[in-house]
$ cat my_file.pdb   # PDB, C-alpha atoms
ATOM      1  CA  MET A 506     -36.372 -34.524 -30.984  1.00  0.00           C
ATOM      2  CA  SER A 507     -33.973 -32.998 -28.475  1.00  0.00           C
ATOM      3  CA  SER A 508     -30.918 -31.083 -29.615  1.00  0.00           C
ATOM      4  CA  GLU A 509     -28.925 -32.086 -26.528  1.00  0.00           C
ATOM      5  CA  LYS A 510     -25.838 -34.186 -27.115  1.00  0.00           C
ATOM      6  CA  ASN A 511     -25.258 -37.288 -25.073  1.00  0.00           C
ATOM      7  CA  LEU A 512     -22.019 -36.624 -23.229  1.00  0.00           C
ATOM      8  CA  GLY A 513     -22.082 -39.979 -21.494  1.00  0.00           C
ATOM      9  CA  PRO A 514     -22.512 -40.637 -17.811  1.00  0.00           C
ATOM     10  CA  VAL A 515     -21.037 -38.160 -15.371  1.00  0.00           C
ATOM     11  CA  SER A 516     -18.628 -39.964 -13.098  1.00  0.00           C
ATOM     12  CA  ALA A 517     -18.063 -38.869  -9.518  1.00  0.00           C
ATOM     13  CA  ALA A 518     -14.575 -40.343  -9.780  1.00  0.00           C
ATOM     14  CA  GLN A 519     -13.613 -37.793 -12.433  1.00  0.00           C
ATOM     15  CA  PRO A 520     -14.650 -34.355 -11.171  1.00  0.00           C
ATOM     16  CA  PHE A 521     -14.121 -31.319 -13.375  1.00  0.00           C
ATOM     17  CA  LYS A 522     -10.658 -29.849 -12.872  1.00  0.00           C
ATOM     18  CA  SER A 523     -10.168 -26.209 -13.714  1.00  0.00           C
ATOM     19  CA  LYS A 524      -6.836 -25.105 -15.111  1.00  0.00           C
ATOM     20  CA  ASP A 525      -7.322 -21.725 -13.453  1.00  0.00           C
ATOM     21  CA  PRO A 526      -5.158 -21.631 -10.291  1.00  0.00           C
ATOM     22  CA  LEU A 527      -7.567 -19.083  -8.790  1.00  0.00           C
ATOM     23  CA  HIS A 528     -10.589 -21.349  -9.235  1.00  0.00           C
ATOM     24  CA  GLY A 529     -12.298 -21.993  -5.923  1.00  0.00           C
ATOM     25  CA  LEU A 530     -10.175 -19.527  -3.957  1.00  0.00           C
ATOM     26  CA  THR A 531     -11.746 -16.664  -2.099  1.00  0.00           C
ATOM     27  CA  LEU A 532     -10.279 -13.185  -2.202  1.00  0.00           C
ATOM     28  CA  GLN A 533      -9.695 -13.502   1.536  1.00  0.00           C
ATOM     29  CA  ALA A 534      -7.643 -16.685   1.055  1.00  0.00           C
ATOM     30  CA  ILE A 535      -5.580 -15.023  -1.692  1.00  0.00           C
ATOM     31  CA  LEU A 536      -4.930 -11.918   0.396  1.00  0.00           C
ATOM     32  CA  SER A 537      -4.067 -13.936   3.506  1.00  0.00           C
ATOM     33  CA  ALA A 538      -1.566 -16.022   1.534  1.00  0.00           C
ATOM     34  CA  LEU A 539       0.068 -12.863   0.157  1.00  0.00           C
ATOM     35  CA  VAL A 540       0.325 -11.296   3.612  1.00  0.00           C
ATOM     36  CA  ASP A 541       1.841 -14.502   5.014  1.00  0.00           C
ATOM     37  CA  TYR A 542       4.361 -14.689   2.173  1.00  0.00           C
ATOM     38  CA  PHE A 543       5.318 -11.030   1.701  1.00  0.00           C
ATOM     39  CA  GLY A 544       4.091  -9.227   4.819  1.00  0.00           C
ATOM     40  CA  TRP A 545       2.151  -5.959   4.738  1.00  0.00           C
ATOM     41  CA  GLU A 546       5.218  -3.760   4.188  1.00  0.00           C
ATOM     42  CA  GLU A 547       6.446  -5.561   1.072  1.00  0.00           C
ATOM     43  CA  LEU A 548       2.893  -6.026  -0.181  1.00  0.00           C
ATOM     44  CA  GLY A 549       2.425  -2.245   0.053  1.00  0.00           C
ATOM     45  CA  GLN A 550       5.649  -1.707  -1.885  1.00  0.00           C
ATOM     46  CA  ARG A 551       4.716  -4.172  -4.630  1.00  0.00           C
ATOM     47  CA  ILE A 552       1.142  -2.870  -4.990  1.00  0.00           C
ATOM     48  CA  GLU A 553       0.858   0.760  -3.959  1.00  0.00           C
ATOM     49  CA  ILE A 554      -2.568   0.819  -2.365  1.00  0.00           C
ATOM     50  CA  ARG A 555      -3.234   2.873   0.755  1.00  0.00           C
ATOM     51  CA  CYS A 556      -5.065   0.038   2.511  1.00  0.00           C
ATOM     52  CA  PHE A 557      -1.815  -1.988   2.320  1.00  0.00           C
ATOM     53  CA  VAL A 558       0.344   0.854   3.650  1.00  0.00           C
ATOM     54  CA  ILE A 559      -1.689   2.851   6.180  1.00  0.00           C
ATOM     55  CA  ASP A 560      -3.025   0.783   9.089  1.00  0.00           C
ATOM     56  CA  PRO A 561      -3.391  -2.390   6.986  1.00  0.00           C
ATOM     57  CA  SER A 562      -5.880  -5.103   7.828  1.00  0.00           C
ATOM     58  CA  ILE A 563      -7.491  -7.978   5.961  1.00  0.00           C
ATOM     59  CA  ALA A 564     -10.980  -6.531   6.507  1.00  0.00           C
ATOM     60  CA  SER A 565     -10.226  -3.039   5.166  1.00  0.00           C
ATOM     61  CA  SER A 566      -8.262  -4.438   2.248  1.00  0.00           C
ATOM     62  CA  LEU A 567     -11.053  -6.838   1.290  1.00  0.00           C
ATOM     63  CA  LYS A 568     -13.582  -4.011   1.385  1.00  0.00           C
ATOM     64  CA  PHE A 569     -11.443  -1.936  -0.999  1.00  0.00           C
ATOM     65  CA  LEU A 570     -10.497  -4.820  -3.311  1.00  0.00           C
ATOM     66  CA  ARG A 571     -14.112  -5.943  -3.743  1.00  0.00           C
ATOM     67  CA  LYS A 572     -15.048  -2.447  -4.964  1.00  0.00           C
ATOM     68  CA  THR A 573     -11.975  -1.864  -7.143  1.00  0.00           C
ATOM     69  CA  PRO A 574     -11.473  -4.261 -10.081  1.00  0.00           C
ATOM     70  CA  TRP A 575      -8.044  -2.926 -11.120  1.00  0.00           C
ATOM     71  CA  ALA A 576      -6.660  -3.412  -7.613  1.00  0.00           C
ATOM     72  CA  ARG A 577      -8.118  -6.903  -7.351  1.00  0.00           C
ATOM     73  CA  ALA A 578      -6.516  -7.785 -10.696  1.00  0.00           C
ATOM     74  CA  LYS A 579      -3.119  -6.660  -9.360  1.00  0.00           C
ATOM     75  CA  VAL A 580      -3.571  -8.743  -6.201  1.00  0.00           C
ATOM     76  CA  GLU A 581      -4.543 -11.822  -8.219  1.00  0.00           C
ATOM     77  CA  SER A 582      -1.570 -11.294 -10.530  1.00  0.00           C
ATOM     78  CA  LEU A 583       0.813 -11.029  -7.576  1.00  0.00           C
ATOM     79  CA  TYR A 584      -0.710 -14.198  -6.115  1.00  0.00           C
ATOM     80  CA  LEU A 585       0.017 -16.081  -9.353  1.00  0.00           C
ATOM     81  CA  PHE A 586       3.576 -14.733  -9.275  1.00  0.00           C
ATOM     82  CA  MET A 587       3.909 -15.955  -5.682  1.00  0.00           C
ATOM     83  CA  LEU A 588       2.742 -19.443  -6.697  1.00  0.00           C
ATOM     84  CA  ARG A 589       5.342 -19.573  -9.489  1.00  0.00           C
ATOM     85  CA  GLU A 590       8.067 -18.455  -7.074  1.00  0.00           C
ATOM     86  CA  GLN A 591       7.075 -21.120  -4.551  1.00  0.00           C
ATOM     87  CA  GLN A 592       7.185 -23.787  -7.284  1.00  0.00           C
ATOM     88  CA  ARG A 593      10.659 -22.630  -8.367  1.00  0.00           C
ATOM     89  CA  GLN A 594      11.918 -22.728  -4.779  1.00  0.00           C
ATOM     90  CA  ALA A 595      10.514 -26.238  -4.284  1.00  0.00           C
ATOM     91  CA  ARG A 596      12.482 -27.647  -7.218  1.00  0.00           C
ATOM     92  CA  PRO A 597      15.766 -29.366  -6.338  1.00  0.00           C
TER      93      PRO A 597
END

$ encode --input "my_file.pdb" --output "C-alpha cells"
Amino acid sequence: MSSEKNLGPVSAAQPFKSKDPLHGLTLQAILSALVDYFGWEELGQRIEIRCFVIDPSIASSLKFLRKTPWARAKVESLYLFMLREQQRQARP
C-alpha cells in the first residue's frame, strides 16, 4: 500500500502562489529595478559596495553579487524596502 496522500486533483486554474515577493525574480531584474528607482549614486550610498560606486554596471554588479551572499542579501533587503515604499506612495 502506498504512503502517498491523495491531495485531490491539481487544477490549472489555481496555480501555486508564493508569498515570497522575490519568488520568480532574477537577480538581474531586482538590481535593474533598484537602479531605476534609486540610481547608482544613491544605491552606492545605501549599500557600500565598490561595484556600485566605482564604474558601476549591471554586469559587474551581478558578477560580484552572485559570488557574495552577504551583499546579495543586502540587495534583496533593499528591494523589499523599495517595494514597501512604492506601496505606501500608491496609497491615497

$ atom_distance --input "my_file.pdb" --atom1 "atom CA of A:Gln533" --atom2 "atom CA of A:Ser566"
9.2 Å

$ resolve_selection --input "my_file.pdb" --expression "the PyMOL selection byres ((chain A and resi 545) around 12)" --output "list in words"
Leu536, Ser537, Ala538, Leu539, Val540, Asp541, Tyr542, Phe543, Gly544, Glu546, Glu547, Leu548, Gly549, Gln550, Arg551, Ile552, Glu553, Ile554, Arg555, Cys556, Phe557, Val558, Ile559, Asp560, Pro561, Ser562, Ile563 and Ser566 of chain A

$ resolve_selection --input "my_file.pdb" --expression "the PyMOL selection byres ((chain A and resi 573-580) around 9)" --output "CSV table (one decimal) with C-alpha atoms, in the frame of the given file"
chain,number,residue,atom,x,y,z
A,532,LEU,CA,-10.3,-13.2,-2.2
A,535,ILE,CA,-5.6,-15.0,-1.7
A,536,LEU,CA,-4.9,-11.9,0.4
A,539,LEU,CA,0.1,-12.9,0.2
A,552,ILE,CA,1.1,-2.9,-5.0
A,554,ILE,CA,-2.6,0.8,-2.4
A,568,LYS,CA,-13.6,-4.0,1.4
A,569,PHE,CA,-11.4,-1.9,-1.0
A,570,LEU,CA,-10.5,-4.8,-3.3
A,571,ARG,CA,-14.1,-5.9,-3.7
A,572,LYS,CA,-15.0,-2.4,-5.0
A,581,GLU,CA,-4.5,-11.8,-8.2
A,582,SER,CA,-1.6,-11.3,-10.5
A,583,LEU,CA,0.8,-11.0,-7.6
A,584,TYR,CA,-0.7,-14.2,-6.1
A,585,LEU,CA,0.0,-16.1,-9.4

$ atom_distance --input "my_file.pdb" --atom1 "atom CA of A:Ser523" --atom2 "atom CA of A:Gln592"
18.7 Å

$ axis_aligned_box --input "my_file.pdb" --around "stretch 536-539 of chain A" --padding-each-side "3 Å" --output "JSON"
{"center_x": -2.4, "center_y": -14.0, "center_z": 1.8, "size_x": 11.0, "size_y": 10.1, "size_z": 9.3}

$ atom_distance --input "my_file.pdb" --atom1 "atom CA of A:Asp525" --atom2 "atom CA of A:Leu588"
12.3 Å
